[in-house]
Amino acid sequence: MSKKVAVLLAQGFEEAEAIVTIDILRRLGIEVEILACQDPRMVLGYKGIQLLADALLAERQTHLYDAIILPGGPQGARNLGGNGEVLAFVQAHQAADRWICAICSAGAHVLAANNLLQGKRYVCSGENHTLYADGCYVDAPIVEDGKILTCKGLGLVFEFALAVGSRLGEVDLARTVGEHIYLDER
């Protein structure tokens, strides 16, 4: 059975974090559904790039995915963290023991800001971790604690996406895709 992932987009999302993650997961054969967290489905990113979501989060609120991806972006992460539907969606997935995967500032502005880390270790960009009491900040590229997977920022998004795929059971294919895109050549 194919794994299914939801990528949540709010106005101001970090485009490259979202698009690279979507691309890598699809290369791994994982079904990815892009969800806009509010109407309209066309979501404007941090650098002015528009992305058409597959559906609205409100239309998928009762669906369970194998993982949720929360891209960063200074305003995008705050918009995700301030959206009650997003928080309910994340909490439902936590209760079902599904993966919650946050990139860059989303680790702080979504998870830590709303006490969704429940003391778990995480990483985020910059000094955002100093704004919130929840969680235990670790200065590392990617941090995994239970079913929480966080990434420090955009420059690590390829590794992050491959790590998500590996956690969803595509370990060998993730290694192959990493080699195919010359990830280890840097």
# chains A, B, ... in the order shown; residues from 1 in each chain; ligands from 1
>>> residues_around(residues="range 171-182 of chain A", least_positions_apart="3", cutoff="7 Å", atoms="only C-alpha atoms", output="list in words")
Leu28, Leu162, Gly165, Ser166 and Glu185 of chain A
>>> write_last_selection(atoms="all heavy atoms", output="CSV table (one decimal), in the first residue's frame")
chain,number,residue,atom,x,y,z
A,28,LEU,N,10.1,9.1,-4.7
A,28,LEU,CA,10.1,7.9,-3.9
A,28,LEU,C,8.8,7.1,-4.0
A,28,LEU,O,8.7,6.1,-3.3
A,28,LEU,CB,10.4,8.3,-2.4
A,28,LEU,CG,11.7,8.9,-2.2
A,28,LEU,CD1,11.8,9.4,-0.7
A,28,LEU,CD2,12.9,7.9,-2.5
A,162,LEU,N,14.5,13.1,1.9
A,162,LEU,CA,14.9,11.7,1.9
A,162,LEU,C,14.7,11.1,3.2
A,162,LEU,O,14.4,9.9,3.3
A,162,LEU,CB,16.3,11.6,1.4
A,162,LEU,CG,16.6,12.0,-0.1
A,162,LEU,CD1,18.0,12.2,-0.4
A,162,LEU,CD2,15.9,11.0,-1.0
A,165,GLY,N,11.1,10.2,3.5
A,165,GLY,CA,10.8,9.0,2.7
A,165,GLY,C,11.4,7.7,3.4
A,165,GLY,O,10.7,6.7,3.4
A,166,SER,N,12.5,7.8,4.0
A,166,SER,CA,13.1,6.6,4.7
A,166,SER,C,12.2,6.2,5.9
A,166,SER,O,12.0,5.1,6.1
A,166,SER,CB,14.5,7.0,5.2
A,166,SER,OG,15.4,7.1,4.1
A,185,GLU,N,27.6,14.5,-3.7
A,185,GLU,CA,28.7,15.1,-4.5
A,185,GLU,C,29.1,16.5,-4.1
A,185,GLU,O,30.0,17.1,-4.6
A,185,GLU,CB,28.3,15.2,-6.0
A,185,GLU,CG,28.0,13.8,-6.6
A,185,GLU,CD,29.2,13.0,-6.8
A,185,GLU,OE1,30.3,13.5,-7.2
A,185,GLU,OE2,29.2,11.8,-6.6
>>> residues_around(residues="Ala140 in chain A", least_positions_apart="4", cutoff="10 Å", atoms="only C-alpha atoms", output="list in words")
Tyr122, Val123, Cys124, Thr150, Cys151 and Lys152 of chain A
>>> closest_residue(among="A:Leu9, A:Ile69, A:Val43, A:Ala96", to="Thr21 in chain A", atoms="only C-alpha atoms")
A:Ile69
>>> closest_residue(among="A:Leu117, A:Ala6, A:Cys104, A:Ala161", to="Gly72 in chain A", atoms="only C-alpha atoms")
A:Cys104
>>> select_by_dssp(residues="range 25-82 of chain A", states="helix (DSSP H, G or I)", output="ChimeraX atom specification")
/A:25-27,57-60,74-81
>>> residues_around(residues="Gln91 in chain A", least_positions_apart="2", cutoff="12 Å", atoms="only C-alpha atoms", output="ChimeraX atom specification")
/A:61-62,64,68,84-89,93-100,110-111,114-118
>>> write_last_selection(atoms="N, CA and C atoms", output="short mmCIF file (atom, residue, chain, number, x, y, z; two decimals), in the first residue's frame")
data_model
loop_
_atom_site.label_atom_id
_atom_site.label_comp_id
_atom_site.auth_asym_id
_atom_site.auth_seq_id
_atom_site.Cartn_x
_atom_site.Cartn_y
_atom_site.Cartn_z
N GLN A 61 -9.96 17.60 6.41
CA GLN A 61 -9.75 17.68 7.85
C GLN A 61 -9.88 16.32 8.55
N THR A 62 -10.72 15.44 8.04
CA THR A 62 -10.93 14.14 8.69
C THR A 62 -10.05 13.03 8.11
N LEU A 64 -6.63 10.96 7.41
CA LEU A 64 -5.36 10.69 8.09
C LEU A 64 -4.31 10.33 7.04
N ILE A 68 2.63 14.51 7.84
CA ILE A 68 2.28 15.90 7.51
C ILE A 68 3.59 16.65 7.37
N GLY A 84 -6.33 27.48 13.50
CA GLY A 84 -6.94 26.44 14.32
C GLY A 84 -7.16 25.13 13.59
N GLU A 85 -7.50 25.19 12.29
CA GLU A 85 -7.68 23.95 11.52
C GLU A 85 -6.37 23.19 11.39
N VAL A 86 -5.27 23.92 11.19
CA VAL A 86 -3.95 23.29 11.09
C VAL A 86 -3.62 22.61 12.41
N LEU A 87 -3.83 23.30 13.51
CA LEU A 87 -3.50 22.74 14.82
C LEU A 87 -4.33 21.51 15.12
N ALA A 88 -5.61 21.53 14.80
CA ALA A 88 -6.47 20.36 15.01
C ALA A 88 -6.01 19.20 14.14
N PHE A 89 -5.60 19.49 12.92
CA PHE A 89 -5.11 18.48 11.98
C PHE A 89 -3.84 17.82 12.51
N HIS A 93 -3.28 13.88 13.94
CA HIS A 93 -2.22 13.01 13.43
C HIS A 93 -1.28 12.56 14.53
N GLN A 94 -1.03 13.42 15.50
CA GLN A 94 -0.23 13.01 16.65
C GLN A 94 -0.95 11.90 17.42
N ALA A 95 -2.25 12.07 17.63
CA ALA A 95 -3.03 11.08 18.37
C ALA A 95 -3.05 9.74 17.64
N ALA A 96 -2.93 9.77 16.31
CA ALA A 96 -2.92 8.54 15.50
C ALA A 96 -1.50 8.02 15.27
N ASP A 97 -0.51 8.61 15.94
CA ASP A 97 0.89 8.20 15.85
C ASP A 97 1.44 8.29 14.43
N ARG A 98 1.14 9.40 13.76
CA ARG A 98 1.65 9.66 12.41
C ARG A 98 2.82 10.64 12.50
N TRP A 99 3.60 10.73 11.45
CA TRP A 99 4.76 11.61 11.40
C TRP A 99 4.35 13.07 11.25
N ILE A 100 4.96 13.92 12.05
CA ILE A 100 4.81 15.37 11.95
C ILE A 100 6.19 15.91 11.59
N VAL A 110 5.01 26.72 14.58
CA VAL A 110 3.84 25.83 14.58
C VAL A 110 3.89 24.91 15.78
N LEU A 111 4.95 24.12 15.90
CA LEU A 111 5.00 23.08 16.92
C LEU A 111 5.27 23.64 18.32
N ASN A 114 2.68 26.16 19.90
CA ASN A 114 1.37 25.61 20.26
C ASN A 114 1.48 24.38 21.16
N ASN A 115 2.64 24.22 21.80
CA ASN A 115 2.89 23.11 22.73
C ASN A 115 2.63 21.74 22.11
N LEU A 116 2.95 21.61 20.82
CA LEU A 116 2.74 20.35 20.12
C LEU A 116 3.98 19.45 20.19
N LEU A 117 5.09 19.98 20.67
CA LEU A 117 6.29 19.17 20.82
C LEU A 117 6.23 18.32 22.08
N GLN A 118 5.50 18.78 23.06
CA GLN A 118 5.35 18.06 24.33
C GLN A 118 6.71 17.68 24.91
#
>>> residues_around(residues="Arg26 in chain A", least_positions_apart="4", cutoff="10 Å", atoms="only C-alpha atoms", output="list in words")
Lys4, Val5, Val20, Thr21, Ile22, Ile30, Glu31, Val32 and Gly165 of chain A
>>> atom_distance(atom1="CA of Gly76 in chain A", atom2="CA of Val164 in chain A")
20.8 Å
>>> select_by_dssp(residues="range 6-155 of chain A", states="strand (DSSP E or B)", output="PyMOL selection string")
chain A and resi 6-9+31-36+42-44+50-52+55-56+67-70+99-103+121-122+136-137+142-145+148-151
>>> write_last_selection(atoms="N, CA and C atoms", output="mmCIF file, in the first residue's frame")
data_model
loop_
_atom_site.group_PDB
_atom_site.id
_atom_site.type_symbol
_atom_site.label_atom_id
_atom_site.label_comp_id
_atom_site.auth_asym_id
_atom_site.auth_seq_id
_atom_site.Cartn_x
_atom_site.Cartn_y
_atom_site.Cartn_z
ATOM 1 N N ALA A 6 0.597 14.722 3.421
ATOM 2 C CA ALA A 6 -0.035 16.022 3.198
ATOM 3 C C ALA A 6 0.998 17.114 3.424
ATOM 4 N N VAL A 7 1.122 18.018 2.461
ATOM 5 C CA VAL A 7 1.967 19.198 2.602
ATOM 6 C C VAL A 7 1.034 20.381 2.803
ATOM 7 N N LEU A 8 1.148 21.037 3.962
ATOM 8 C CA LEU A 8 0.255 22.140 4.293
ATOM 9 C C LEU A 8 0.887 23.471 3.891
ATOM 10 N N LEU A 9 0.135 24.253 3.108
ATOM 11 C CA LEU A 9 0.636 25.550 2.654
ATOM 12 C C LEU A 9 -0.237 26.674 3.184
ATOM 13 N N GLU A 31 2.633 9.156 -2.372
ATOM 14 C CA GLU A 31 1.563 10.042 -2.836
ATOM 15 C C GLU A 31 1.571 11.304 -1.979
ATOM 16 N N VAL A 32 1.629 12.456 -2.637
ATOM 17 C CA VAL A 32 1.670 13.736 -1.932
ATOM 18 C C VAL A 32 0.437 14.544 -2.309
ATOM 19 N N GLU A 33 -0.257 15.024 -1.299
ATOM 20 C CA GLU A 33 -1.394 15.908 -1.525
ATOM 21 C C GLU A 33 -1.056 17.271 -0.922
ATOM 22 N N ILE A 34 -1.155 18.304 -1.750
ATOM 23 C CA ILE A 34 -0.862 19.672 -1.316
ATOM 24 C C ILE A 34 -2.172 20.294 -0.852
ATOM 25 N N LEU A 35 -2.179 20.767 0.408
ATOM 26 C CA LEU A 35 -3.391 21.325 1.000
ATOM 27 C C LEU A 35 -3.204 22.794 1.344
ATOM 28 N N ALA A 36 -4.089 23.639 0.808
ATOM 29 C CA ALA A 36 -4.105 25.055 1.167
ATOM 30 C C ALA A 36 -4.852 25.190 2.483
ATOM 31 N N MET A 42 -5.030 28.653 -4.562
ATOM 32 C CA MET A 42 -3.796 29.243 -5.082
ATOM 33 C C MET A 42 -3.123 29.977 -3.928
ATOM 34 N N VAL A 43 -1.941 29.481 -3.533
ATOM 35 C CA VAL A 43 -1.270 30.013 -2.353
ATOM 36 C C VAL A 43 -0.022 30.775 -2.788
ATOM 37 N N LEU A 44 0.118 31.989 -2.269
ATOM 38 C CA LEU A 44 1.256 32.840 -2.597
ATOM 39 C C LEU A 44 2.387 32.590 -1.612
ATOM 40 N N GLN A 50 3.417 31.474 -6.847
ATOM 41 C CA GLN A 50 2.107 30.922 -6.518
ATOM 42 C C GLN A 50 2.088 29.429 -6.791
ATOM 43 N N LEU A 51 1.442 28.683 -5.911
ATOM 44 C CA LEU A 51 1.313 27.236 -6.066
ATOM 45 C C LEU A 51 -0.147 26.864 -5.880
ATOM 46 N N LEU A 52 -0.669 26.097 -6.825
ATOM 47 C CA LEU A 52 -2.060 25.654 -6.754
ATOM 48 C C LEU A 52 -2.135 24.362 -5.947
ATOM 49 N N ALA A 55 -6.198 20.615 -2.827
ATOM 50 C CA ALA A 55 -7.464 20.748 -2.100
ATOM 51 C C ALA A 55 -7.261 21.723 -0.950
ATOM 52 N N LEU A 56 -8.363 22.081 -0.334
ATOM 53 C CA LEU A 56 -8.311 22.880 0.891
ATOM 54 C C LEU A 56 -8.198 21.949 2.087
ATOM 55 N N ALA A 67 2.102 11.070 6.991
ATOM 56 C CA ALA A 67 2.933 12.164 7.482
ATOM 57 C C ALA A 67 2.328 13.489 7.050
ATOM 58 N N ILE A 68 2.628 14.512 7.838
ATOM 59 C CA ILE A 68 2.278 15.897 7.511
ATOM 60 C C ILE A 68 3.595 16.654 7.369
ATOM 61 N N ILE A 69 3.705 17.453 6.306
ATOM 62 C CA ILE A 69 4.870 18.310 6.103
ATOM 63 C C ILE A 69 4.441 19.753 6.339
ATOM 64 N N LEU A 70 5.218 20.454 7.170
ATOM 65 C CA LEU A 70 4.959 21.856 7.494
ATOM 66 C C LEU A 70 6.150 22.683 7.020
ATOM 67 N N TRP A 99 3.601 10.726 11.446
ATOM 68 C CA TRP A 99 4.762 11.607 11.396
ATOM 69 C C TRP A 99 4.348 13.067 11.246
ATOM 70 N N ILE A 100 4.964 13.925 12.054
ATOM 71 C CA ILE A 100 4.809 15.371 11.953
ATOM 72 C C ILE A 100 6.191 15.907 11.591
ATOM 73 N N CYS A 101 6.301 16.521 10.403
ATOM 74 C CA CYS A 101 7.605 16.894 9.859
ATOM 75 C C CYS A 101 7.626 18.389 9.554
ATOM 76 N N ALA A 102 8.468 19.122 10.263
ATOM 77 C CA ALA A 102 8.509 20.582 10.139
ATOM 78 C C ALA A 102 9.866 21.047 9.638
ATOM 79 N N ILE A 103 9.827 22.022 8.745
ATOM 80 C CA ILE A 103 11.038 22.573 8.153
ATOM 81 C C ILE A 103 11.225 24.013 8.633
ATOM 82 N N ARG A 121 12.640 16.798 21.461
ATOM 83 C CA ARG A 121 13.758 17.494 20.838
ATOM 84 C C ARG A 121 13.372 17.928 19.429
ATOM 85 N N TYR A 122 13.900 19.090 19.012
ATOM 86 C CA TYR A 122 13.628 19.599 17.661
ATOM 87 C C TYR A 122 14.699 20.601 17.260
ATOM 88 N N CYS A 136 12.735 20.839 23.306
ATOM 89 C CA CYS A 136 14.141 20.911 23.679
ATOM 90 C C CYS A 136 14.939 21.132 22.391
ATOM 91 N N TYR A 137 15.391 22.367 22.186
ATOM 92 C CA TYR A 137 16.113 22.719 20.970
ATOM 93 C C TYR A 137 17.464 22.011 20.914
ATOM 94 N N ILE A 142 19.119 17.915 11.178
ATOM 95 C CA ILE A 142 17.807 17.262 11.215
ATOM 96 C C ILE A 142 17.708 16.559 12.561
ATOM 97 N N VAL A 143 16.552 16.696 13.211
ATOM 98 C CA VAL A 143 16.355 16.080 14.519
ATOM 99 C C VAL A 143 15.097 15.230 14.484
ATOM 100 N N GLU A 144 15.216 14.008 14.992
ATOM 101 C CA GLU A 144 14.083 13.083 15.100
ATOM 102 C C GLU A 144 13.871 12.746 16.562
ATOM 103 N N ASP A 145 12.625 12.860 17.016
ATOM 104 C CA ASP A 145 12.276 12.459 18.376
ATOM 105 C C ASP A 145 10.870 11.883 18.329
ATOM 106 N N ILE A 148 8.274 12.968 15.533
ATOM 107 C CA ILE A 148 8.521 14.363 15.138
ATOM 108 C C ILE A 148 9.859 14.399 14.413
ATOM 109 N N LEU A 149 9.856 14.940 13.186
ATOM 110 C CA LEU A 149 11.072 15.088 12.405
ATOM 111 C C LEU A 149 11.171 16.555 12.001
ATOM 112 N N THR A 150 12.275 17.209 12.381
ATOM 113 C CA THR A 150 12.432 18.626 12.073
ATOM 114 C C THR A 150 13.748 18.878 11.359
ATOM 115 N N CYS A 151 13.752 19.946 10.570
ATOM 116 C CA CYS A 151 14.902 20.305 9.743
ATOM 117 C C CYS A 151 15.252 21.764 9.994
#
>>> atom_distance(atom1="CA of Pro141 in chain A", atom2="CA of Gly107 in chain A")
12.5 Å
>>> atom_distance(atom1="CA of Lys47 in chain A", atom2="CA of Phe160 in chain A")
21.2 Å
>>> decode(residues="range 92-166 of chain A", atoms="C-alpha atoms", output="PDB file, in the first residue's frame")
ATOM      1  CA  ALA A  92      -5.304  14.375  15.165  1.00  0.00           C
ATOM      2  CA  HIS A  93      -2.225  13.013  13.427  1.00  0.00           C
ATOM      3  CA  GLN A  94      -0.231  13.008  16.653  1.00  0.00           C
ATOM      4  CA  ALA A  95      -3.034  11.082  18.369  1.00  0.00           C
ATOM      5  CA  ALA A  96      -2.917   8.544  15.499  1.00  0.00           C
ATOM      6  CA  ASP A  97       0.889   8.201  15.851  1.00  0.00           C
ATOM      7  CA  ARG A  98       1.654   9.660  12.414  1.00  0.00           C
ATOM      8  CA  TRP A  99       4.762  11.607  11.396  1.00  0.00           C
ATOM      9  CA  ILE A 100       4.809  15.371  11.953  1.00  0.00           C
ATOM     10  CA  CYS A 101       7.605  16.894   9.859  1.00  0.00           C
ATOM     11  CA  ALA A 102       8.509  20.582  10.139  1.00  0.00           C
ATOM     12  CA  ILE A 103      11.038  22.573   8.153  1.00  0.00           C
ATOM     13  CA  CYS A 104      12.870  25.734   9.221  1.00  0.00           C
ATOM     14  CA  SER A 105      10.766  28.167  11.269  1.00  0.00           C
ATOM     15  CA  ALA A 106       7.731  25.820  11.305  1.00  0.00           C
ATOM     16  CA  GLY A 107       9.361  23.791  14.079  1.00  0.00           C
ATOM     17  CA  ALA A 108       9.129  26.851  16.319  1.00  0.00           C
ATOM     18  CA  HIS A 109       6.145  28.834  15.015  1.00  0.00           C
ATOM     19  CA  VAL A 110       3.842  25.835  14.576  1.00  0.00           C
ATOM     20  CA  LEU A 111       5.005  23.084  16.925  1.00  0.00           C
ATOM     21  CA  ALA A 112       6.720  24.858  19.837  1.00  0.00           C
ATOM     22  CA  ALA A 113       4.385  27.865  19.783  1.00  0.00           C
ATOM     23  CA  ASN A 114       1.373  25.610  20.264  1.00  0.00           C
ATOM     24  CA  ASN A 115       2.885  23.110  22.732  1.00  0.00           C
ATOM     25  CA  LEU A 116       2.745  20.347  20.117  1.00  0.00           C
ATOM     26  CA  LEU A 117       6.295  19.166  20.820  1.00  0.00           C
ATOM     27  CA  GLN A 118       5.353  18.064  24.331  1.00  0.00           C
ATOM     28  CA  GLY A 119       8.969  18.428  25.426  1.00  0.00           C
ATOM     29  CA  LYS A 120      10.462  16.541  22.467  1.00  0.00           C
ATOM     30  CA  ARG A 121      13.758  17.494  20.838  1.00  0.00           C
ATOM     31  CA  TYR A 122      13.628  19.599  17.661  1.00  0.00           C
ATOM     32  CA  VAL A 123      15.545  22.023  15.471  1.00  0.00           C
ATOM     33  CA  CYS A 124      14.439  25.189  13.699  1.00  0.00           C
ATOM     34  CA  SER A 125      16.036  28.159  11.969  1.00  0.00           C
ATOM     35  CA  GLY A 126      17.817  31.043  13.615  1.00  0.00           C
ATOM     36  CA  GLU A 127      16.886  32.017  17.134  1.00  0.00           C
ATOM     37  CA  ASN A 128      13.191  31.122  16.765  1.00  0.00           C
ATOM     38  CA  HIS A 129      13.545  28.473  19.469  1.00  0.00           C
ATOM     39  CA  THR A 130      14.125  31.230  22.044  1.00  0.00           C
ATOM     40  CA  LEU A 131      10.572  32.515  21.540  1.00  0.00           C
ATOM     41  CA  TYR A 132       8.813  29.454  22.984  1.00  0.00           C
ATOM     42  CA  ALA A 133       9.159  27.270  26.061  1.00  0.00           C
ATOM     43  CA  ASP A 134       7.945  23.965  24.575  1.00  0.00           C
ATOM     44  CA  GLY A 135      10.443  21.455  23.240  1.00  0.00           C
ATOM     45  CA  CYS A 136      14.141  20.911  23.679  1.00  0.00           C
ATOM     46  CA  TYR A 137      16.113  22.719  20.970  1.00  0.00           C
ATOM     47  CA  VAL A 138      19.051  20.806  19.475  1.00  0.00           C
ATOM     48  CA  ASP A 139      21.472  22.548  17.111  1.00  0.00           C
ATOM     49  CA  ALA A 140      21.664  19.883  14.409  1.00  0.00           C
ATOM     50  CA  PRO A 141      20.718  19.693  10.715  1.00  0.00           C
ATOM     51  CA  ILE A 142      17.807  17.262  11.215  1.00  0.00           C
ATOM     52  CA  VAL A 143      16.355  16.080  14.519  1.00  0.00           C
ATOM     53  CA  GLU A 144      14.083  13.083  15.100  1.00  0.00           C
ATOM     54  CA  ASP A 145      12.276  12.459  18.376  1.00  0.00           C
ATOM     55  CA  GLY A 146       9.474   9.917  18.341  1.00  0.00           C
ATOM     56  CA  LYS A 147       7.287  10.758  15.344  1.00  0.00           C
ATOM     57  CA  ILE A 148       8.521  14.363  15.138  1.00  0.00           C
ATOM     58  CA  LEU A 149      11.072  15.088  12.405  1.00  0.00           C
ATOM     59  CA  THR A 150      12.432  18.626  12.073  1.00  0.00           C
ATOM     60  CA  CYS A 151      14.902  20.305   9.743  1.00  0.00           C
ATOM     61  CA  LYS A 152      16.995  23.419  10.391  1.00  0.00           C
ATOM     62  CA  GLY A 153      16.331  25.098   7.044  1.00  0.00           C
ATOM     63  CA  LEU A 154      16.223  25.314   3.290  1.00  0.00           C
ATOM     64  CA  GLY A 155      19.817  24.216   2.615  1.00  0.00           C
ATOM     65  CA  LEU A 156      19.044  20.838   4.175  1.00  0.00           C
ATOM     66  CA  VAL A 157      15.700  20.179   2.518  1.00  0.00           C
ATOM     67  CA  PHE A 158      16.969  17.458   0.156  1.00  0.00           C
ATOM     68  CA  GLU A 159      18.318  15.443   3.092  1.00  0.00           C
ATOM     69  CA  PHE A 160      15.130  16.146   5.029  1.00  0.00           C
ATOM     70  CA  ALA A 161      12.838  14.920   2.236  1.00  0.00           C
ATOM     71  CA  LEU A 162      14.905  11.743   1.854  1.00  0.00           C
ATOM     72  CA  ALA A 163      14.738  11.249   5.641  1.00  0.00           C
ATOM     73  CA  VAL A 164      10.934  11.548   5.527  1.00  0.00           C
ATOM     74  CA  GLY A 165      10.840   8.964   2.741  1.00  0.00           C
ATOM     75  CA  SER A 166      13.099   6.647   4.724  1.00  0.00           C
TER      76      SER A 166
END
